[in-house]
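One file, protein_16.txt, carrying compact mmCIF, C-alpha atoms and all ligand atoms:
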# COMPACT_ATOMS: atom_id res chain seq x y z
CA PRO A 1 -6.83 3.79 -40.79
CA ASP A 2 -7.54 3.80 -37.07
CA ALA A 3 -9.98 1.46 -35.32
CA PRO A 4 -12.90 3.35 -33.79
CA GLY A 5 -11.90 4.50 -30.33
CA ALA A 6 -8.20 3.91 -30.95
CA LYS A 7 -7.31 7.51 -30.25
CA ALA A 8 -9.12 7.47 -26.90
CA LEU A 9 -7.40 4.19 -26.01
CA ARG A 10 -3.99 5.66 -26.82
CA THR A 11 -4.76 8.67 -24.63
CA ARG A 12 -5.89 6.41 -21.79
CA ALA A 13 -2.77 4.23 -22.13
CA LEU A 14 -0.51 7.29 -22.18
CA GLU A 15 -2.18 8.69 -19.06
CA ALA A 16 -1.92 5.37 -17.21
CA LEU A 17 1.76 4.89 -18.11
CA THR A 18 2.60 8.50 -17.23
CA ALA A 19 0.82 8.34 -13.87
CA ALA A 20 2.63 5.12 -12.97
CA ARG A 21 6.01 6.64 -13.82
CA ALA A 22 5.29 9.74 -11.72
CA ARG A 23 4.59 7.50 -8.73
CA THR A 24 7.70 5.41 -9.38
CA ALA A 25 9.78 8.59 -9.50
CA LEU A 26 8.35 9.79 -6.20
CA LEU A 27 9.14 6.50 -4.47
CA THR A 28 12.69 6.29 -5.81
CA GLU A 29 13.81 9.93 -5.63
CA CYS A 30 13.13 10.56 -1.95
CA VAL A 31 15.98 8.34 -0.74
CA ASP A 32 19.70 8.38 -1.56
CA ASP A 33 21.56 5.81 -3.66
CA GLY A 34 22.64 3.89 -0.56
CA GLU A 35 19.01 3.37 0.43
CA LEU A 36 18.01 2.46 -3.11
CA THR A 37 20.51 -0.38 -3.26
CA ALA A 38 20.13 -1.53 0.37
CA GLN A 39 17.98 -4.44 1.41
CA HIS A 40 15.51 -3.08 3.93
CA SER A 41 14.01 -6.53 4.56
CA PRO A 42 14.80 -10.04 3.26
CA LEU A 43 11.14 -10.12 2.18
CA MET A 44 11.72 -7.31 -0.31
CA SER A 45 13.95 -6.43 -3.26
CA PRO A 46 16.18 -3.37 -3.11
CA LEU A 47 14.18 -0.45 -4.57
CA VAL A 48 16.65 -0.22 -7.45
CA TRP A 49 15.69 -3.76 -8.50
CA ASP A 50 12.00 -2.81 -8.77
CA LEU A 51 12.95 0.24 -10.81
CA ALA A 52 14.87 -1.66 -13.49
CA HIS A 53 12.42 -4.60 -13.37
CA ILE A 54 9.61 -2.16 -14.23
CA GLY A 55 11.63 -0.98 -17.24
CA ASN A 56 12.58 -4.52 -18.24
CA GLN A 57 8.96 -5.77 -18.22
CA GLU A 58 7.92 -2.73 -20.24
CA GLU A 59 10.69 -3.46 -22.72
CA GLN A 60 9.68 -7.10 -23.05
CA TRP A 61 5.94 -6.50 -23.51
CA LEU A 62 5.68 -3.13 -25.26
CA TRP A 63 8.96 -2.67 -27.11
CA ARG A 64 9.62 -6.31 -28.10
CA ALA A 65 6.21 -8.13 -28.10
CA VAL A 66 3.95 -5.26 -29.25
CA GLY A 67 6.52 -3.21 -31.17
CA GLY A 68 8.31 -6.22 -32.67
CA ARG A 69 11.69 -4.58 -32.00
CA GLU A 70 15.06 -6.00 -30.94
CA ALA A 71 15.99 -6.37 -27.27
CA LEU A 72 17.78 -3.27 -25.96
CA ARG A 73 19.81 -5.07 -23.27
CA PRO A 74 19.19 -8.83 -23.50
CA GLU A 75 22.02 -9.51 -21.05
CA ILE A 76 20.10 -7.96 -18.15
CA ASP A 77 16.88 -9.98 -18.64
CA PRO A 78 17.90 -12.76 -16.19
CA LEU A 79 18.76 -10.24 -13.46
CA TYR A 80 15.24 -8.84 -13.55
CA ASP A 81 13.37 -12.11 -14.02
CA ALA A 82 11.44 -12.52 -10.75
CA PHE A 83 11.60 -16.31 -11.10
CA GLU A 84 15.38 -16.59 -11.46
CA HIS A 85 16.37 -15.01 -8.16
CA PRO A 86 14.41 -14.88 -4.89
CA ARG A 87 14.05 -11.41 -3.37
CA SER A 88 16.54 -12.18 -0.59
CA GLU A 89 19.29 -12.79 -3.20
CA ARG A 90 18.69 -9.72 -5.32
CA PRO A 91 20.98 -7.32 -3.40
CA SER A 92 24.01 -9.48 -4.24
CA LEU A 93 23.32 -9.50 -8.01
CA PRO A 94 25.27 -7.20 -10.36
CA LEU A 95 22.24 -4.90 -10.65
CA LEU A 96 22.27 -1.69 -12.67
CA PRO A 97 23.29 1.12 -10.28
CA PRO A 98 20.61 3.78 -9.59
CA ASP A 99 21.60 6.22 -12.36
CA GLU A 100 21.76 3.45 -14.96
CA ALA A 101 18.50 1.90 -13.78
CA ARG A 102 16.75 5.29 -14.12
CA ALA A 103 18.26 5.92 -17.54
CA TYR A 104 17.31 2.41 -18.70
CA ALA A 105 13.67 2.75 -17.61
CA ALA A 106 13.48 6.23 -19.16
CA GLY A 107 15.02 4.98 -22.43
CA VAL A 108 12.50 2.15 -22.64
CA ARG A 109 9.66 4.59 -22.02
CA ASP A 110 10.82 6.97 -24.78
CA ARG A 111 10.82 4.16 -27.30
CA VAL A 112 7.51 2.75 -26.06
CA LEU A 113 5.82 6.11 -26.59
CA ASP A 114 6.73 5.78 -30.29
CA VAL A 115 5.26 2.28 -30.36
CA LEU A 116 2.11 3.61 -28.67
CA ALA A 117 1.72 6.47 -31.15
CA GLY A 118 1.77 3.98 -34.02
CA SER A 119 -0.51 1.34 -32.40
CA ARG A 120 -3.97 0.73 -33.85
CA MET A 121 -5.21 -0.95 -30.65
CA GLU A 122 -6.81 -3.91 -32.44
CA GLY A 123 -5.97 -7.09 -34.27
CA ARG A 124 -3.75 -9.24 -32.06
CA PRO A 125 -5.25 -10.15 -28.67
CA LEU A 126 -2.34 -8.41 -26.92
CA LEU A 127 -3.32 -5.13 -28.59
CA ALA A 128 -7.14 -5.34 -28.45
CA ASP A 129 -8.44 -2.44 -26.33
CA GLY A 130 -4.83 -1.49 -25.67
CA PHE A 131 -4.56 -4.43 -23.25
CA ALA A 132 -0.75 -4.72 -23.27
CA PHE A 133 -0.38 -1.02 -22.38
CA GLY A 134 -2.94 -1.40 -19.59
CA MET A 135 -1.20 -4.52 -18.33
CA VAL A 136 2.19 -2.78 -18.20
CA ALA A 137 0.74 0.28 -16.45
CA GLN A 138 -0.87 -2.04 -13.88
CA HIS A 139 2.41 -3.91 -13.48
CA GLU A 140 4.28 -0.69 -12.70
CA GLN A 141 1.59 0.40 -10.24
CA GLN A 142 1.74 -3.01 -8.54
CA HIS A 143 5.46 -2.54 -8.07
CA ASP A 144 4.79 0.97 -6.77
CA GLU A 145 2.73 -0.72 -4.05
CA THR A 146 5.57 -3.21 -3.48
CA MET A 147 8.02 -0.31 -3.16
CA LEU A 148 5.68 1.40 -0.68
CA ILE A 149 5.83 -1.79 1.41
CA THR A 150 9.63 -1.54 1.28
CA HIS A 151 9.36 2.07 2.46
CA GLN A 152 7.18 0.93 5.37
CA LEU A 153 9.78 -1.70 6.35
CA ARG A 154 12.66 0.75 6.04
CA LYS A 155 14.09 2.14 9.28
CA GLY A 156 14.81 5.82 9.78
CA PRO A 157 12.93 9.10 9.68
CA ALA A 158 9.97 9.74 7.38
CA VAL A 159 10.63 10.64 3.74
CA LEU A 160 7.10 10.23 2.37
CA HIS A 161 4.32 12.64 3.25
CA ALA A 162 0.64 12.85 2.30
CA PRO A 163 -2.47 14.56 3.69
CA PRO A 164 -4.83 12.45 5.84
CA PRO A 165 -7.89 10.88 4.15
CA PRO A 166 -11.08 12.99 4.11
CA ALA A 167 -12.98 12.94 7.43
CA HIS A 168 -16.46 11.93 6.29
CA PRO A 169 -19.10 12.63 8.93
CA SER A 170 -19.50 9.73 11.30
CA VAL A 171 -23.03 8.32 11.17
CA PRO A 172 -24.33 5.22 12.94
CA LEU A 173 -24.19 2.22 10.61
CA PRO A 174 -25.59 -1.29 11.09
CA ALA A 175 -22.81 -3.71 12.11
CA GLU A 176 -23.61 -6.06 9.25
CA VAL A 177 -25.57 -6.30 6.03
CA LEU A 178 -27.59 -9.24 4.70
CA VAL A 179 -26.59 -10.32 1.21
CA PRO A 180 -29.31 -12.43 -0.45
CA GLY A 181 -28.54 -15.98 -1.56
CA GLY A 182 -28.67 -17.15 -5.17
CA PRO A 183 -26.70 -16.75 -8.34
CA PHE A 184 -24.67 -13.74 -9.46
CA THR A 185 -22.07 -13.02 -12.12
CA MET A 186 -18.52 -13.40 -10.81
CA GLY A 187 -15.47 -12.31 -12.80
CA THR A 188 -15.58 -10.52 -16.14
CA SER A 189 -15.30 -11.11 -19.86
CA ASP A 190 -15.70 -7.51 -20.96
CA GLU A 191 -13.57 -5.36 -18.68
CA PRO A 192 -10.88 -4.38 -21.21
CA TRP A 193 -7.85 -4.30 -18.90
CA ALA A 194 -8.93 -7.11 -16.55
CA LEU A 195 -6.09 -9.60 -16.06
CA ASP A 196 -6.32 -13.29 -16.92
CA ASN A 197 -7.27 -14.52 -13.43
CA GLU A 198 -10.38 -12.26 -13.36
CA ARG A 199 -11.75 -14.01 -16.45
CA PRO A 200 -14.13 -15.31 -17.67
CA ALA A 201 -17.46 -14.07 -16.29
CA HIS A 202 -19.38 -17.02 -14.87
CA THR A 203 -22.41 -17.69 -12.70
CA ARG A 204 -21.76 -18.46 -9.05
CA SER A 205 -24.31 -19.20 -6.37
CA VAL A 206 -23.85 -18.36 -2.72
CA ALA A 207 -26.18 -18.98 0.21
CA ALA A 208 -27.50 -15.88 1.99
CA PHE A 209 -24.94 -14.47 4.42
CA HIS A 210 -24.21 -11.44 6.59
CA ILE A 211 -21.08 -9.37 6.08
CA ASP A 212 -19.56 -6.57 8.16
CA THR A 213 -20.57 -3.12 6.94
CA VAL A 214 -17.00 -1.87 7.47
CA PRO A 215 -13.58 -3.50 7.83
CA VAL A 216 -12.56 -4.74 11.30
CA THR A 217 -11.05 -1.80 13.22
CA ASN A 218 -7.97 -1.51 15.41
CA GLY A 219 -10.33 -0.97 18.35
CA ALA A 220 -12.12 -4.26 17.71
CA TYR A 221 -8.79 -6.00 17.18
CA LEU A 222 -7.49 -4.58 20.48
CA ALA A 223 -10.47 -6.24 22.20
CA PHE A 224 -9.37 -9.58 20.72
CA MET A 225 -5.84 -8.95 22.01
CA ALA A 226 -7.08 -7.88 25.44
CA ASP A 227 -9.21 -11.03 25.64
CA GLY A 228 -6.06 -13.14 25.26
CA GLY A 229 -6.50 -13.70 21.53
CA TYR A 230 -2.81 -14.44 20.99
CA THR A 231 -2.54 -16.82 23.96
CA ASP A 232 -5.58 -19.00 23.34
CA ARG A 233 -4.88 -21.81 20.92
CA ARG A 234 -8.60 -22.38 20.36
CA TRP A 235 -8.90 -19.48 17.92
CA TRP A 236 -6.03 -20.50 15.68
CA ARG A 237 -5.48 -22.85 12.78
CA PRO A 238 -2.58 -25.17 13.69
CA GLU A 239 -0.21 -23.44 11.24
CA GLY A 240 -1.31 -20.06 12.57
CA TRP A 241 -0.65 -21.15 16.14
CA GLU A 242 2.84 -22.30 15.00
CA GLN A 243 3.47 -18.76 13.73
CA VAL A 244 2.29 -17.21 16.98
CA ARG A 245 4.64 -19.44 18.98
CA ALA A 246 7.63 -19.34 16.62
CA HIS A 247 7.65 -15.55 16.29
CA ALA A 248 6.13 -14.66 19.69
CA LEU A 249 3.35 -12.72 17.96
CA VAL A 250 1.25 -10.50 20.24
CA ALA A 251 -0.07 -7.80 17.89
CA PRO A 252 -0.16 -6.74 14.22
CA LEU A 253 3.17 -6.01 12.52
CA PHE A 254 4.70 -2.58 13.29
CA TRP A 255 2.90 -2.33 16.65
CA ARG A 256 4.63 -1.98 20.01
CA GLN A 257 3.47 -1.35 23.54
CA GLU A 258 4.73 1.54 25.64
CA GLY A 259 3.45 2.40 29.09
CA GLY A 260 0.33 0.31 28.58
CA ARG A 261 -0.47 2.03 25.26
CA TRP A 262 -0.22 0.52 21.80
CA LEU A 263 1.81 2.50 19.28
CA ARG A 264 2.50 1.76 15.65
CA ARG A 265 5.21 2.82 13.25
CA ARG A 266 3.89 4.13 9.92
CA PHE A 267 6.37 5.30 7.27
CA GLY A 268 8.93 6.44 9.80
CA VAL A 269 6.50 8.04 12.29
CA THR A 270 5.42 6.41 15.56
CA GLU A 271 1.86 7.23 16.64
CA PRO A 272 -0.84 5.88 18.94
CA VAL A 273 -2.87 3.13 17.26
CA PRO A 274 -6.04 4.84 15.95
CA GLU A 275 -8.95 2.76 17.22
CA ASP A 276 -11.41 3.75 14.50
CA GLU A 277 -9.16 2.84 11.56
CA PRO A 278 -9.27 -0.56 9.83
CA VAL A 279 -6.63 -2.91 11.26
CA LEU A 280 -3.61 -3.20 8.98
CA HIS A 281 -0.63 -5.59 8.65
CA VAL A 282 -2.28 -8.76 9.87
CA SER A 283 -1.71 -12.21 8.39
CA TRP A 284 -4.49 -14.45 7.11
CA TYR A 285 -4.02 -16.53 10.27
CA GLU A 286 -4.57 -13.49 12.49
CA ALA A 287 -7.67 -12.50 10.49
CA ASP A 288 -8.99 -16.06 10.67
CA ALA A 289 -8.33 -16.28 14.44
CA TYR A 290 -10.03 -12.94 15.12
CA ALA A 291 -13.08 -14.03 13.13
CA ARG A 292 -13.35 -17.30 15.08
CA TRP A 293 -12.99 -15.43 18.38
CA ALA A 294 -15.80 -13.10 17.26
CA GLY A 295 -18.03 -16.12 16.52
CA ARG A 296 -17.80 -15.36 12.81
CA ARG A 297 -15.64 -16.31 9.81
CA LEU A 298 -13.87 -14.74 6.86
CA PRO A 299 -16.07 -14.28 3.77
CA THR A 300 -15.30 -16.53 0.82
CA GLU A 301 -14.00 -14.80 -2.27
CA ALA A 302 -17.37 -15.33 -4.01
CA GLU A 303 -19.23 -13.81 -1.04
CA TRP A 304 -16.89 -10.82 -1.06
CA GLU A 305 -17.46 -10.24 -4.77
CA LYS A 306 -21.23 -10.62 -4.48
CA ALA A 307 -21.28 -8.09 -1.62
CA ALA A 308 -19.16 -5.72 -3.73
CA ARG A 309 -20.80 -6.04 -7.15
CA TYR A 310 -24.32 -7.49 -6.96
CA ASP A 311 -27.15 -5.06 -7.57
CA PRO A 312 -30.31 -6.64 -6.10
CA VAL A 313 -32.56 -4.34 -8.16
CA THR A 314 -31.24 -5.28 -11.59
CA GLY A 315 -29.55 -8.58 -10.71
CA ARG A 316 -26.47 -7.30 -12.55
CA SER A 317 -22.89 -7.26 -11.29
CA ARG A 318 -21.38 -3.76 -11.27
CA ARG A 319 -17.75 -2.86 -12.03
CA TYR A 320 -17.46 -1.30 -8.56
CA PRO A 321 -19.70 -1.19 -5.46
CA TRP A 322 -20.94 2.31 -6.40
CA GLY A 323 -21.65 1.50 -10.05
CA ASP A 324 -19.73 1.46 -13.29
CA ALA A 325 -17.92 4.80 -13.02
CA ASP A 326 -14.13 4.73 -12.64
CA PRO A 327 -13.02 5.39 -9.03
CA GLY A 328 -12.92 9.07 -8.07
CA PRO A 329 -11.52 10.59 -4.85
CA ASP A 330 -14.97 10.50 -3.20
CA HIS A 331 -15.48 6.80 -3.89
CA ALA A 332 -12.44 5.20 -2.32
CA ASN A 333 -9.07 5.71 -0.67
CA LEU A 334 -6.76 4.59 -3.47
CA GLY A 335 -3.59 5.62 -5.26
CA GLN A 336 -1.29 6.55 -2.34
CA ARG A 337 -3.03 9.93 -2.15
CA HIS A 338 -3.16 9.24 1.59
CA LEU A 339 -0.63 7.02 3.29
CA ARG A 340 -3.09 5.38 5.66
CA PRO A 341 -6.58 3.86 5.68
CA ALA A 342 -9.52 6.18 6.28
CA ARG A 343 -11.62 5.84 9.43
CA ALA A 344 -13.97 2.84 9.20
CA GLY A 345 -17.37 4.11 8.05
CA GLY A 346 -16.06 6.72 5.65
CA TYR A 347 -16.58 7.06 1.90
CA PRO A 348 -20.41 7.04 1.82
CA ALA A 349 -20.30 7.65 -1.97
CA GLY A 350 -18.44 4.36 -2.38
CA ALA A 351 -21.04 2.18 -0.64
CA SER A 352 -22.47 -0.89 -2.39
CA PRO A 353 -26.20 -1.08 -3.24
CA LEU A 354 -26.73 -3.01 0.01
CA GLY A 355 -24.78 -0.43 2.01
CA VAL A 356 -21.43 -2.17 2.51
CA ARG A 357 -18.63 0.41 2.83
CA GLN A 358 -14.96 0.64 1.92
CA LEU A 359 -14.86 -2.58 -0.07
CA ILE A 360 -12.56 -0.79 -2.48
CA GLY A 361 -9.44 0.94 -1.12
CA ASP A 362 -8.17 1.45 2.45
CA VAL A 363 -6.99 -2.10 3.20
CA TRP A 364 -6.68 -5.32 1.21
CA GLU A 365 -9.20 -7.77 2.63
CA TRP A 366 -8.25 -11.39 3.30
CA THR A 367 -10.87 -13.89 2.15
CA ALA A 368 -11.30 -17.51 3.23
CA SER A 369 -10.50 -18.75 -0.28
CA ASP A 370 -7.46 -20.29 -1.93
CA PHE A 371 -6.27 -18.64 -5.16
CA LEU A 372 -7.78 -20.85 -7.88
CA PRO A 373 -8.62 -20.40 -11.57
CA TYR A 374 -12.19 -19.65 -12.63
CA PRO A 375 -13.90 -22.23 -14.84
CA GLY A 376 -12.67 -21.60 -18.39
CA PHE A 377 -9.47 -19.79 -17.26
CA ARG A 378 -6.80 -19.29 -19.93
CA ALA A 379 -3.35 -17.96 -19.05
CA PHE A 380 -2.82 -14.66 -20.90
CA PRO A 381 -0.38 -13.41 -21.92
CA TYR A 382 1.99 -15.42 -19.69
CA LYS A 383 1.65 -18.27 -17.19
CA GLU A 384 3.88 -16.53 -14.66
CA TYR A 385 1.37 -13.77 -13.91
CA SER A 386 -1.29 -16.02 -12.31
CA GLU A 387 -1.21 -19.67 -13.29
CA VAL A 388 1.97 -20.66 -11.45
CA PHE A 389 0.48 -19.29 -8.20
CA PHE A 390 -2.82 -21.21 -8.24
CA GLY A 391 -3.24 -23.62 -5.34
CA ALA A 392 -3.61 -23.87 -1.58
CA ALA A 393 -0.35 -22.01 -0.81
CA HIS A 394 -1.97 -18.62 -1.53
CA LYS A 395 -5.10 -16.99 -0.10
CA VAL A 396 -7.05 -14.39 -2.05
CA LEU A 397 -7.19 -10.75 -0.98
CA ARG A 398 -9.77 -8.39 -2.45
CA GLY A 399 -10.60 -4.72 -2.81
CA GLY A 400 -7.23 -2.97 -2.91
CA SER A 401 -5.60 -0.73 -0.31
CA PHE A 402 -4.72 2.96 -0.03
CA ALA A 403 -1.48 1.96 -1.80
CA VAL A 404 -3.16 0.58 -4.95
CA ASP A 405 -3.79 2.74 -7.98
CA ALA A 406 -7.26 2.77 -9.55
CA VAL A 407 -5.87 1.27 -12.77
CA ALA A 408 -5.05 -1.90 -10.82
CA CYS A 409 -8.27 -2.06 -8.79
CA ARG A 410 -11.72 -3.31 -9.77
CA GLY A 411 -14.62 -5.22 -8.26
CA THR A 412 -13.18 -8.26 -10.05
CA PHE A 413 -9.49 -7.69 -9.24
CA ARG A 414 -7.79 -10.60 -7.41
CA ASN A 415 -4.67 -10.35 -5.30
CA TRP A 416 -3.05 -13.27 -3.47
CA ASP A 417 -0.34 -13.98 -0.95
CA HIS A 418 0.91 -16.59 1.49
CA PRO A 419 -1.29 -16.73 4.61
CA VAL A 420 1.67 -15.84 6.89
CA ARG A 421 2.33 -12.50 5.19
CA ARG A 422 1.75 -9.30 7.17
CA GLN A 423 4.05 -6.69 5.66
CA ILE A 424 1.42 -6.18 2.93
CA PHE A 425 -1.35 -3.60 3.43
CA SER A 426 -3.76 -6.28 4.63
CA GLY A 427 -6.85 -6.11 6.81
CA PHE A 428 -10.18 -7.93 6.67
CA ARG A 429 -13.87 -7.95 7.44
CA THR A 430 -15.90 -10.86 8.79
CA ALA A 431 -19.07 -12.68 7.73
CA ARG A 432 -21.51 -15.25 9.05
CA SER A 433 -23.92 -17.66 7.44
CA THR A 434 -27.60 -16.89 8.01
CA GLU A 435 -29.42 -19.17 10.42
CA PRO A 436 -31.01 -22.05 8.48
CA GLY A 437 -34.70 -21.28 7.89
C1 LIG A 501 -0.49 -9.76 -7.91
C2 LIG A 501 0.62 -8.43 -6.29
C3 LIG A 501 0.70 -10.82 -6.14
O1 LIG A 501 3.60 -8.43 -6.75
O2 LIG A 501 3.74 -10.59 -6.70
C4 LIG A 501 4.17 -7.97 -10.11
C5 LIG A 501 1.95 -8.66 -9.02
N1 LIG A 501 3.33 -9.85 -10.78
N2 LIG A 501 4.99 -8.50 -11.02
C6 LIG A 501 3.20 -9.55 -7.07
C7 LIG A 501 3.14 -8.81 -9.95
C8 LIG A 501 4.50 -9.63 -11.43
C9 LIG A 501 1.95 -9.71 -7.93
N3 LIG A 501 0.71 -9.66 -7.08
FE FE A 502 6.88 -7.73 -11.62
In structure tokens, how does this file's structure come out?
Ligand code: AVJ
Ligand code: FE
Amino acid sequence: PDAPGAKALRTRALEALTAARARTALLTECVDDGELTAQHSPLMSPLVWDLAHIGNQEEQWLWRAVGGREALRPEIDPLYDAFEHPRSERPSLPLLPPDEARAYAAGVRDRVLDVLAGSRMEGRPLLADGFAFGMVAQHEQQHDETMLITHQLRKGPAVLHAPPPPAHPSVPLPAEVLVPGGPFTMGTSDEPWALDNERPAHTRSVAAFHIDTVPVTNGAYLAFMADGGYTDRRWWRPEGWEQVRAHALVAPLFWRQEGGRWLRRRFGVTEPVPEDEPVLHVSWYEADAYARWAGRRLPTEAEWEKAARYDPVTGRSRRYPWGDADPGPDHANLGQRHLRPARAGGYPAGASPLGVRQLIGDVWEWTASDFLPYPGFRAFPYKEYSEVFFGAAHKVLRGGSFAVDAVACRGTFRNWDHPVRRQIFSGFRTARSTEPG
């Protein structure tokens, strides 16, 4: 007999897995085999590695752990273990060639669909609410974002195309919003597919603060540059200043100046930098320096989440800024539907109760905070998803970008990276503490 809701969970899992595979196919079928096996940047794996790694993780969690079946190709596990070989080494491994990688991932999926059809979606923690299926769908979508970063780093003419984001009418918005001080619920214990680092729900208190209504734009960032932002040590953390000097940084990644104008390369197309779009491809150090120059600071992770989830009327934390409904195309720029952020000030239907916009989608937002476990954290189902990354080496990013699928994006979702990284789809917004009294 089926658990109540098991059929709906199987349908949801099937849809999430199918959508992820469609995106993977799109990202790996638009380039030839040479480009699939090439290393476009030492920061990234060859695309063909991501493809087989997606299949290998699915095999390990859904075929072996959930299905209790024998390994299909145990000899390839070490090749696709992200901890065995750094990205820069992966091109020289005896990886499955593109046709074999595709056939392997497809073969795993065929078998997994049988496991799914026979799963009761309850009992073991891995199966409750279909968690393992949701986790694997999120994993594939996360690698689809990783592969999109590889596409952005790749040289050569454009191969990916998407319509621009919707042009929501431009209305005057206040520059910042006051978020009241006091306790709120951070994290979650009841979001079925939330990953281990988002758990458990706990009470956090923050002092009242102001936060930008919209992410920092290219236009605002250009003002920082024009004011000598990259040449004035005062704005930078020592390690950030090191980066500026060592790499002669003068602008966000993928920007270049031509005849006094700033241009940027975006998926193989060079275009003038759009001043009203959120700034993209900045490191944590650049975000931090901009904020200091502006007389402000980055929000802490707790402040970001309170701004995104806290409903001052009910005192409850919502799943998303707009409420509890899953993200639709009017709420947020997610899912690679558009291959760029929307103009800052768009997506009115996605605003938080206090009126903060574009917290979800468009650009990942750097926060001031290190990636640390919540009180009561338990690694699940494996330490290598989150636990091994906790500490001061990683800063938290929140909210997801245009490259993130809705299945891997929530008001509680936590991303992290090294503060020097700028190839990721990262931007930020700023905050300030309220005057005492
Ligand atoms: C959560 C995006 C930092 O890509 O390194 C993919 C996600 N973990 N495979 C990453 C992940 C294992 C992870 N991030
Ligand atoms: Fe992975």
Restrict the calculation to all atoms listed in the file, then for each residue of chain A with any atom at most 7 Å from an atom of ligand LIG 501 (chain A) give the closest atom pair and their distance in Å to one decimal, rows by chain and rising residue number, as JSON lines.
{"residue": "A:His139", "atom": "CA", "partner": "A:LIG501", "partner_atom": "C4", "distance": 5.6}
{"residue": "A:Gln142", "atom": "CA", "partner": "A:LIG501", "partner_atom": "C5", "distance": 5.7}
{"residue": "A:His143", "atom": "CA", "partner": "A:LIG501", "partner_atom": "C4", "distance": 5.9}
{"residue": "A:Thr146", "atom": "CA", "partner": "A:LIG501", "partner_atom": "O1", "distance": 6.5}
{"residue": "A:Tyr385", "atom": "CA", "partner": "A:LIG501", "partner_atom": "N1", "distance": 5.4}
{"residue": "A:Asn415", "atom": "CA", "partner": "A:LIG501", "partner_atom": "C1", "distance": 5.0}
{"residue": "A:Trp416", "atom": "CA", "partner": "A:LIG501", "partner_atom": "C3", "distance": 5.2}
{"residue": "A:Asp417", "atom": "CA", "partner": "A:LIG501", "partner_atom": "C3", "distance": 6.2}
Show which residues sit within 10 Å of Ala351 in chain A, as number ranges by chain. Count all atoms listed in the file, and ignore same-chain residues fewer than 2 positions away.
A: 213-214, 308, 320-323, 331-332, 345-349, 353-360
Could you work out how far CA of Thr150 in chain A lies from CA of Pro46 in chain A, giving the answer in Å with one decimal?
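The value is 8.1 Å.
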Within 12 Å of Arg233 in chain A, counting only C-alpha atoms, which residues qualify if same-chain residues fewer than 2 places away don't, as a PyMOL selection string?
chain A and resi 228-231+235-245+285-286+289-290+292-293
Just want the 12 Å neighbourhood of Leu263 in chain A, counted on all atoms listed in the file, with same-chain residues fewer than 3 positions away dropped. Output as a list in words.
Asn218, Leu222, Ala251, Pro252, Leu253, Phe254, Trp255, Arg256, Gln257, Glu258, Gly259, Gly260, Arg266, Val269, Thr270, Glu271, Pro272, Val273, Pro274 and Glu275 of chain A
Residues near Phe184 in chain A, cut-off 7 Å, all atoms listed in the file, skip fewer than 5 positions along chain, as a short mmCIF file (atom, residue, chain, number, x, y, z; two decimals) with C-alpha atoms, keeping the file's coordinate frame:
data_model
loop_
_atom_site.label_atom_id
_atom_site.label_comp_id
_atom_site.auth_asym_id
_atom_site.auth_seq_id
_atom_site.Cartn_x
_atom_site.Cartn_y
_atom_site.Cartn_z
CA THR A 203 -22.41 -17.69 -12.70
CA ARG A 204 -21.76 -18.46 -9.05
CA SER A 205 -24.31 -19.20 -6.37
CA LYS A 306 -21.23 -10.62 -4.48
CA TYR A 310 -24.32 -7.49 -6.96
CA SER A 317 -22.89 -7.26 -11.29
#
Near Phe371 in chain A, counting only C-alpha atoms, which residues have an atom at most 9 Å away, once you skip same-chain residues fewer than 2 positions from it, shown as a list in words?
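So, after excluding close chain neighbours, the residues are Ser369, Pro373, Phe389, Phe390, Gly391, Ala392, Ala393, His394, Lys395, Val396, Leu397, Arg414, Asn415, Trp416 and Asp417 of chain A.
Ranking A:Asp196, A:Asp326, A:Ser386, A:Gly68 by their shortest atom-to-atom distance to ligand FE 502 (chain A), with only C-alpha atoms and all ligand atoms included, puts A:Ser386 first.
Pairwise distance (CA of Arg429 in chain A, CA of Asp288 in chain A) equals 10.0 Å.
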I'd like the interatomic distance between CA of Ser92 in chain A and CA of Ala403 in chain A, to a tenth of an Å.
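Computed distance, CA of Ser92 in chain A to CA of Ala403 in chain A, equals 28.0 Å.
Counting only C-alpha atoms and all ligand atoms and comparing A:Leu153, A:Pro169, A:Glu384, A:Arg90, the residue that lies closest to ligand FE 502 (chain A) is A:Glu384.
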